[in-house]
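Undergrad: Before anything else, here's the structure in question.
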Protein chains: 2
Amino acid sequence: MTEGPVRSIWLRPERGARGPAPEYSRGRIATAGVALADADGLAAVTMRAVADALGTGPASLYRYVATRDELIELMINEVNGEFDHTAPGGGHWLQDLLALARQSRGIYLRHPWLLDATGLDGPIGPNAVDYLEHALAALSGVDVDPRTKLEAIGVLNGLVALLARAEIAQGTAGRTLPQWQREQTAYLSEALKAGRHPHLAAALATRPPEAEPAESLFDRVVARVLTGLLHPGTPR
Amino acid sequence: MTEGPVRSIWLRPERGARGPAPEYSRGRIATAGVALADADGLAAVTMRAVADALGTGPASLYRYVATRDELIELMINEVNGEFDHTAPGGGHWLQDLLALARQSRGIYLRHPWLLDATGLDGPIGPNAVDYLEHALAALSGVDVDPRTKLEAIGVLNGLVALLARAEIAQGTAGRTLPQWQREQTAYLSEALKAGRHPHLAAALATRPPEAEPAESLFDRVVARVLTGLLHPGTPR
DNA sequence: CGATACTGCAAACAGCGTTCGCAGAAAGGC
DNA sequence: GCCTTTCTGCGAACGCTGTTTGCAGTATCG
C-alpha cells in the first residue's frame with residue numbers, strides 16, 4: 001500500500017521476479033550516457049538523447065532509473081569501474097596511494113564531465129566502495145586511527161579532482177577556447193592597473209619560468225599533501 | 001557592425017553612456033539571487049524567480065546579464081564580498097591563511113549553494129581578486145617561488161570547499177534529511193556482508209569514538225595540508 | 001488458468017533559459 | 001532646439017528540458 005521511501009538504485013534489484021525481461025541493462029544505459037557525455041559534456045546527457053542512442057523513447061528510461069540524477073549515478077559508477085585494483089603499487093603506502101591517485105587522474109582526464117557530476121553527493125556506488133577498500137588496504141600498515149585515514153582519502157579525492165580540473169581548464173583554454181583565458185587575463189590586467197594589488201602583480205609578472213610537466217606537478221602536490229596529512233613534519 | 005566577442009561581465013560597463021538610467025543595479029540583482037539561493041538552493045534561482053523578486057519580467061534581466069551563468073557569477077562575487085580583509089591574522093603566514101580559510105568556511109556555511117556554483121569556472125570577479133591579493137600578502141614572507149604560492153592557495157580553496165561540503169552533508173543529513181544517510185549506510189552494510197571489504201568494515205566498525213568539533217577538525221586538516229605544501233617535513 | 005507484477009512507450013504537462021520586436025526615454029552632434 | 005543614436009523595459013513566443021500518465025502486452029506465481 002505505502003510507496004515507502006524511494007530506495008537507492010544500488011539497493012533496488014536490476015529486474016523484478018515477475019514480468020518480461022528488461023530490454024536493456026543498467027550497464028548498457030550507463031555506457032550510452034558516458035558516450036554522450038564524453039563527446040559533448042554532461043549537458044548533452046538528456047533523457048531524450050540517451051533514449052535515442054538506445055533506440056527507444058524517453059519514458060522507457062524511467063523503467064530503469066527513477067530520475068536523471070540516478071542515470072548520472074550509473075555513469076559515475078561505470079567510469080569508476082576503470083580502476084585496476086590488481087595493479088601493483090610498490091609496497092609503500094605513499095607509492096600505493098599515489099598510483100591510485102594517478103589512475104583517478106586518468107579517469108578524470110578521459111571523462112571531464114565527471115568533474116561536473118561529483119557535486120551531486122549521491123550514494124556511493126559499488127565501484128566506489130571497491131576503490132575505498134583498496135585505498136584503506138594501502139594504508140593498513142600506517143599507524144593512525146581509521147578516522148584519519150578516511151579523512152585523508154577524502155582529501156585525496158578532492159585534491160585529485162582539483163588538479164584535474166586545473167589541467168583540463170588549462171588544456172581546453174589553450175587550444176579550443178582561447179577566448180576564455182584571454183577574457184580572464186584581460187580583466188585581470190585591467191584590475192591590476194589600479195595598483196592596489198602589488199603582490200598579485202608581482203606573482204603574475206614572474207609567471208612562466210618554464211612549464212613543469214603536468215604529471216610531475218601532480219605527483220609532487222599529492223605526495224606533499226598526503227605526507228602532511230598522515231606524517232606531518234610539524235605535528236603542532 | 002561586428003558584434004565582437006561577448007566580453008566578460010567584469011569588463012562591461014554597468015551602464016551605457018546614452019539612454020535612460022537602468023532601473024536596477026548589478027548589486028541589487030545579485031542580492032535578490034543570493035536571497036533565493038540561500039532559501040531554496042541554486043535551482044531556485046531561475047530567471048523568472050529573480051525577475052519576480054525584483055518586480056519585473058524575465059526578459060528585463062537580460063539587459064543586465066547575458067546569461068543565467070553570468071547572474072550566478074554576480075552572486076558569487078556578491079558573497080565573496082563578505083571577506084573582511086582588514087581583520088588581523090596574527091603575523092605568521094600560517095595563522096593568516098588559516099584565518100582567511102575560516103572566513104571562507106563561514107561563507108560556504110552561510111551560502112551552501114556556493115558549493116554547486118564553483119564548478120562553472122567562470123572568470124574571477126573583483127572580490128576574488130582582492131582575496132587572492134590578501135592570500136599572497138600573507139605569504140609574502142615565505143621563501144618559495146610565486147608559482148608554488150598560487151598553487152598552495154588554489155589547493156587551500158579546494159580544500160576549504162571540500163571540508164565545507166562534508167560539514168553541510170553531515171549537518172543536513174542528520175537533521176532534515178535522515179533519509180539519505182540511512183540509504184547510504186543501508187547499501188554500505190549490504191555490500192559489506194559479502195566480506196570482500198575487510199579494511200572498510202574495520203574502519204567503519206571503529207567509527208564513532210567521539211565527535212570532534214567541526215572547527216578543530218577544520219583547523220587541523222588545513223594546517224597540516226598547508227605546512228605539507230609549503231614547508232614539507234620530508235622534501236623528497 | 002486467472003491474478004499479479006512487471007515491461008515498453010506515445011502523448012502530454014509544467015517549467016526552464018533565451019530571443020524577438022517594439023514602444024519609449026535620455027544623451028550626443030550640429 | 002531638434003534629430004539621430006543608443007540605450008531601456010518588457011509582453012509574447014520558441015524550443016527544449018525532466019517527468020507523469022495511461023494503456024496494451026507479457027512472463028511468472030500460486
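Here, A, B, ... name the chains of the C-alpha cells in the order displayed, residue numbers run from 1 inside each chain, and ligands are numbered from 1 in the same displayed order.
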With 8 Å as the limit and counting only C-alpha atoms (C1' of nucleotides), what residues in chain C lie close to chain A? Please list them as number ranges by chain.
TA: C: 5-9
Undergrad: Please return, as JSON, numbers by chain, all residues of chain B lying within 7 Å of chain A when only C-alpha atoms are considered.
TA: {"B": [7, 8, 10, 11, 116, 119, 123, 133, 136, 137, 146, 147, 158, 162, 183, 184, 187, 197, 199, 200, 203, 207, 221, 224, 225, 227, 228, 229, 232, 233]}
Undergrad: Tell me the residues of chain D close to chain A, meaning within 6 Å using only C-alpha atoms (C1' of nucleotides), as a ChimeraX atom specification.
TA: /D:26-28
Undergrad: Would you save the residues from that selection as a short mmCIF file (atom, residue, chain, number, x, y, z; two decimals), in the first residue's frame, using C-alpha atoms (C1' of nucleotides)?
TA:
```cif
data_model
loop_
_atom_site.label_atom_id
_atom_site.label_comp_id
_atom_site.auth_asym_id
_atom_site.auth_seq_id
_atom_site.Cartn_x
_atom_site.Cartn_y
_atom_site.Cartn_z
"C1'" DT D 26 3.88 -10.42 -21.46
"C1'" DA D 27 6.16 -13.50 -18.28
"C1'" DT D 28 5.83 -15.70 -13.82
#
```
Undergrad: So that I can check the secondary structure, give me every residue of region 11-233 of chain B assigned helix (DSSP H, G or I) by backbone DSSP, as a PDB file with C-alpha atoms, in the first residue's frame.
TA:
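Output below, filename states.pdb:
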```pdb
ATOM      1  CA  ARG B  26      24.063  44.556 -10.568  1.00  0.00           C
ATOM      2  CA  GLY B  27      24.307  44.571  -6.802  1.00  0.00           C
ATOM      3  CA  ARG B  28      20.539  44.607  -6.381  1.00  0.00           C
ATOM      4  CA  ILE B  29      20.110  41.719  -8.802  1.00  0.00           C
ATOM      5  CA  ALA B  30      22.878  39.768  -7.130  1.00  0.00           C
ATOM      6  CA  THR B  31      21.300  40.317  -3.723  1.00  0.00           C
ATOM      7  CA  ALA B  32      17.954  39.059  -4.962  1.00  0.00           C
ATOM      8  CA  GLY B  33      19.597  35.944  -6.411  1.00  0.00           C
ATOM      9  CA  VAL B  34      21.536  35.266  -3.226  1.00  0.00           C
ATOM     10  CA  ALA B  35      18.365  35.541  -1.156  1.00  0.00           C
ATOM     11  CA  LEU B  36      16.628  32.978  -3.344  1.00  0.00           C
ATOM     12  CA  ALA B  37      19.597  30.617  -3.311  1.00  0.00           C
ATOM     13  CA  ASP B  38      20.049  30.901   0.449  1.00  0.00           C
ATOM     14  CA  ALA B  39      16.411  29.997   0.945  1.00  0.00           C
ATOM     15  CA  ASP B  40      15.879  27.224  -1.583  1.00  0.00           C
ATOM     16  CA  LEU B  42      20.743  27.251  -6.523  1.00  0.00           C
ATOM     17  CA  ALA B  43      17.992  25.580  -8.533  1.00  0.00           C
ATOM     18  CA  ALA B  44      15.539  28.130  -7.150  1.00  0.00           C
ATOM     19  CA  MET B  47      15.436  33.975 -14.334  1.00  0.00           C
ATOM     20  CA  ARG B  48      11.726  34.165 -13.684  1.00  0.00           C
ATOM     21  CA  ALA B  49      12.070  33.939  -9.907  1.00  0.00           C
ATOM     22  CA  VAL B  50      14.739  36.627  -9.770  1.00  0.00           C
ATOM     23  CA  ALA B  51      12.668  38.819 -12.053  1.00  0.00           C
ATOM     24  CA  ASP B  52       9.623  38.312  -9.841  1.00  0.00           C
ATOM     25  CA  ALA B  53      11.624  39.221  -6.751  1.00  0.00           C
ATOM     26  CA  LEU B  54      12.595  42.453  -8.456  1.00  0.00           C
ATOM     27  CA  PRO B  58      12.337  37.643 -17.188  1.00  0.00           C
ATOM     28  CA  ALA B  59      13.314  39.421 -20.390  1.00  0.00           C
ATOM     29  CA  SER B  60      14.312  42.535 -18.495  1.00  0.00           C
ATOM     30  CA  LEU B  61      17.101  40.711 -16.702  1.00  0.00           C
ATOM     31  CA  ARG B  68      21.997  32.788 -16.201  1.00  0.00           C
ATOM     32  CA  ASP B  69      25.585  31.733 -15.516  1.00  0.00           C
ATOM     33  CA  GLU B  70      26.558  35.370 -15.523  1.00  0.00           C
ATOM     34  CA  LEU B  71      23.868  36.061 -12.947  1.00  0.00           C
ATOM     35  CA  ILE B  72      25.417  33.390 -10.768  1.00  0.00           C
ATOM     36  CA  GLU B  73      28.801  34.986 -11.388  1.00  0.00           C
ATOM     37  CA  LEU B  74      27.334  38.140  -9.896  1.00  0.00           C
ATOM     38  CA  MET B  75      26.060  36.193  -6.906  1.00  0.00           C
ATOM     39  CA  ILE B  76      29.452  34.575  -6.332  1.00  0.00           C
ATOM     40  CA  ASN B  77      31.135  37.935  -6.370  1.00  0.00           C
ATOM     41  CA  GLU B  78      28.495  39.259  -4.011  1.00  0.00           C
ATOM     42  CA  VAL B  79      29.169  36.708  -1.278  1.00  0.00           C
ATOM     43  CA  ASN B  80      32.910  36.977  -1.876  1.00  0.00           C
ATOM     44  CA  TRP B  93      51.685  33.219   7.470  1.00  0.00           C
ATOM     45  CA  LEU B  94      50.020  30.027   8.651  1.00  0.00           C
ATOM     46  CA  GLN B  95      47.841  31.901  11.119  1.00  0.00           C
ATOM     47  CA  ASP B  96      46.942  34.441   8.445  1.00  0.00           C
ATOM     48  CA  LEU B  97      45.978  31.840   5.872  1.00  0.00           C
ATOM     49  CA  LEU B  98      44.076  29.881   8.483  1.00  0.00           C
ATOM     50  CA  ALA B  99      42.116  32.993   9.396  1.00  0.00           C
ATOM     51  CA  LEU B 100      41.329  33.509   5.736  1.00  0.00           C
ATOM     52  CA  ALA B 101      40.270  29.884   5.387  1.00  0.00           C
ATOM     53  CA  ARG B 102      37.967  30.219   8.389  1.00  0.00           C
ATOM     54  CA  GLN B 103      36.279  33.196   6.790  1.00  0.00           C
ATOM     55  CA  SER B 104      35.899  31.195   3.609  1.00  0.00           C
ATOM     56  CA  ARG B 105      34.371  28.342   5.558  1.00  0.00           C
ATOM     57  CA  GLY B 106      31.892  30.733   7.093  1.00  0.00           C
ATOM     58  CA  ILE B 107      30.818  31.951   3.685  1.00  0.00           C
ATOM     59  CA  TYR B 108      30.251  28.391   2.483  1.00  0.00           C
ATOM     60  CA  LEU B 109      28.213  27.531   5.552  1.00  0.00           C
ATOM     61  CA  ARG B 110      26.099  30.654   5.166  1.00  0.00           C
ATOM     62  CA  LEU B 114      28.176  28.310  -3.445  1.00  0.00           C
ATOM     63  CA  LEU B 115      29.479  24.742  -3.482  1.00  0.00           C
ATOM     64  CA  ASP B 116      27.303  23.980  -6.502  1.00  0.00           C
ATOM     65  CA  ALA B 117      28.302  27.182  -8.254  1.00  0.00           C
ATOM     66  CA  THR B 118      32.078  26.946  -8.171  1.00  0.00           C
ATOM     67  CA  GLY B 119      32.230  24.306 -10.853  1.00  0.00           C
ATOM     68  CA  LEU B 120      31.280  26.773 -13.524  1.00  0.00           C
ATOM     69  CA  PRO B 126      36.711  41.664  -8.366  1.00  0.00           C
ATOM     70  CA  ASN B 127      36.240  40.378  -4.837  1.00  0.00           C
ATOM     71  CA  ALA B 128      38.045  37.154  -5.692  1.00  0.00           C
ATOM     72  CA  VAL B 129      40.977  39.223  -6.916  1.00  0.00           C
ATOM     73  CA  ASP B 130      41.061  41.004  -3.566  1.00  0.00           C
ATOM     74  CA  TYR B 131      41.012  37.653  -1.824  1.00  0.00           C
ATOM     75  CA  LEU B 132      43.930  36.471  -3.930  1.00  0.00           C
ATOM     76  CA  GLU B 133      45.890  39.598  -3.142  1.00  0.00           C
ATOM     77  CA  HIS B 134      45.285  39.143   0.566  1.00  0.00           C
ATOM     78  CA  ALA B 135      46.366  35.499   0.491  1.00  0.00           C
ATOM     79  CA  LEU B 136      49.538  36.368  -1.412  1.00  0.00           C
ATOM     80  CA  ALA B 137      50.269  39.181   1.023  1.00  0.00           C
ATOM     81  CA  ALA B 138      50.049  36.686   3.868  1.00  0.00           C
ATOM     82  CA  PRO B 146      55.327  32.565  -6.579  1.00  0.00           C
ATOM     83  CA  ARG B 147      54.162  29.603  -8.603  1.00  0.00           C
ATOM     84  CA  THR B 148      54.145  27.438  -5.520  1.00  0.00           C
ATOM     85  CA  LYS B 149      52.252  30.089  -3.604  1.00  0.00           C
ATOM     86  CA  LEU B 150      49.466  30.292  -6.177  1.00  0.00           C
ATOM     87  CA  GLU B 151      49.410  26.528  -6.215  1.00  0.00           C
ATOM     88  CA  ALA B 152      49.031  26.395  -2.454  1.00  0.00           C
ATOM     89  CA  ILE B 153      46.255  28.983  -2.446  1.00  0.00           C
ATOM     90  CA  GLY B 154      44.423  27.011  -5.099  1.00  0.00           C
ATOM     91  CA  VAL B 155      44.682  23.827  -3.099  1.00  0.00           C
ATOM     92  CA  LEU B 156      43.591  25.702   0.002  1.00  0.00           C
ATOM     93  CA  ASN B 157      40.444  26.905  -1.748  1.00  0.00           C
ATOM     94  CA  GLY B 158      39.620  23.418  -2.926  1.00  0.00           C
ATOM     95  CA  LEU B 159      40.265  22.001   0.499  1.00  0.00           C
ATOM     96  CA  VAL B 160      38.010  24.502   2.250  1.00  0.00           C
ATOM     97  CA  ALA B 161      35.230  23.729  -0.228  1.00  0.00           C
ATOM     98  CA  LEU B 162      35.707  20.015   0.390  1.00  0.00           C
ATOM     99  CA  LEU B 163      35.555  20.335   4.167  1.00  0.00           C
ATOM    100  CA  ALA B 164      32.572  22.664   3.988  1.00  0.00           C
ATOM    101  CA  ARG B 165      30.779  20.185   1.760  1.00  0.00           C
ATOM    102  CA  ALA B 166      31.406  17.434   4.255  1.00  0.00           C
ATOM    103  CA  GLU B 167      30.132  19.566   7.121  1.00  0.00           C
ATOM    104  CA  ILE B 168      26.995  20.536   5.245  1.00  0.00           C
ATOM    105  CA  ALA B 169      26.276  16.987   4.122  1.00  0.00           C
ATOM    106  CA  GLN B 170      26.644  15.754   7.678  1.00  0.00           C
ATOM    107  CA  GLY B 171      24.500  18.535   9.077  1.00  0.00           C
ATOM    108  CA  THR B 172      21.578  18.290   6.700  1.00  0.00           C
ATOM    109  CA  ALA B 173      21.706  14.520   6.686  1.00  0.00           C
ATOM    110  CA  GLY B 174      21.477  14.479  10.474  1.00  0.00           C
ATOM    111  CA  PRO B 178      17.849  11.434   7.642  1.00  0.00           C
ATOM    112  CA  GLN B 179      16.789   9.524   4.580  1.00  0.00           C
ATOM    113  CA  TRP B 180      19.931   9.996   2.539  1.00  0.00           C
ATOM    114  CA  GLN B 181      22.384   8.800   5.142  1.00  0.00           C
ATOM    115  CA  ARG B 182      20.179   5.885   6.021  1.00  0.00           C
ATOM    116  CA  GLU B 183      20.242   4.817   2.379  1.00  0.00           C
ATOM    117  CA  GLN B 184      23.980   5.218   2.345  1.00  0.00           C
ATOM    118  CA  THR B 185      24.616   3.023   5.370  1.00  0.00           C
ATOM    119  CA  ALA B 186      21.954   0.575   4.223  1.00  0.00           C
ATOM    120  CA  TYR B 187      23.721  -0.109   0.957  1.00  0.00           C
ATOM    121  CA  LEU B 188      27.131   0.009   2.577  1.00  0.00           C
ATOM    122  CA  SER B 189      26.324  -2.597   5.177  1.00  0.00           C
ATOM    123  CA  GLU B 190      24.702  -4.693   2.469  1.00  0.00           C
ATOM    124  CA  ALA B 191      27.886  -4.532   0.411  1.00  0.00           C
ATOM    125  CA  LEU B 192      29.990  -5.350   3.429  1.00  0.00           C
ATOM    126  CA  PRO B 198      37.657  -6.214   5.373  1.00  0.00           C
ATOM    127  CA  HIS B 199      39.536  -2.922   5.722  1.00  0.00           C
ATOM    128  CA  LEU B 200      36.427  -0.862   5.101  1.00  0.00           C
ATOM    129  CA  ALA B 201      34.439  -2.944   7.546  1.00  0.00           C
ATOM    130  CA  ALA B 202      37.119  -2.461  10.185  1.00  0.00           C
ATOM    131  CA  ALA B 203      37.313   1.271   9.566  1.00  0.00           C
ATOM    132  CA  LEU B 204      33.554   1.703   9.854  1.00  0.00           C
ATOM    133  CA  ALA B 205      33.316  -0.550  12.900  1.00  0.00           C
ATOM    134  CA  ALA B 214      33.993  20.694  13.327  1.00  0.00           C
ATOM    135  CA  GLU B 215      36.152  23.767  13.836  1.00  0.00           C
ATOM    136  CA  SER B 216      39.093  21.908  15.314  1.00  0.00           C
ATOM    137  CA  LEU B 217      38.967  19.294  12.571  1.00  0.00           C
ATOM    138  CA  PHE B 218      38.950  22.092  10.029  1.00  0.00           C
ATOM    139  CA  ASP B 219      41.924  23.866  11.572  1.00  0.00           C
ATOM    140  CA  ARG B 220      43.871  20.673  11.943  1.00  0.00           C
ATOM    141  CA  VAL B 221      43.445  19.454   8.377  1.00  0.00           C
ATOM    142  CA  VAL B 222      44.020  22.856   6.803  1.00  0.00           C
ATOM    143  CA  ALA B 223      47.172  23.460   8.849  1.00  0.00           C
ATOM    144  CA  ARG B 224      48.622  20.073   8.009  1.00  0.00           C
ATOM    145  CA  VAL B 225      47.953  20.387   4.300  1.00  0.00           C
ATOM    146  CA  LEU B 226      49.408  23.884   4.151  1.00  0.00           C
ATOM    147  CA  THR B 227      52.563  23.022   6.035  1.00  0.00           C
ATOM    148  CA  GLY B 228      52.893  19.924   3.881  1.00  0.00           C
ATOM    149  CA  LEU B 229      52.677  22.045   0.761  1.00  0.00           C
ATOM    150  CA  LEU B 230      54.858  24.962   1.768  1.00  0.00           C
TER     151      LEU B 230
END
```
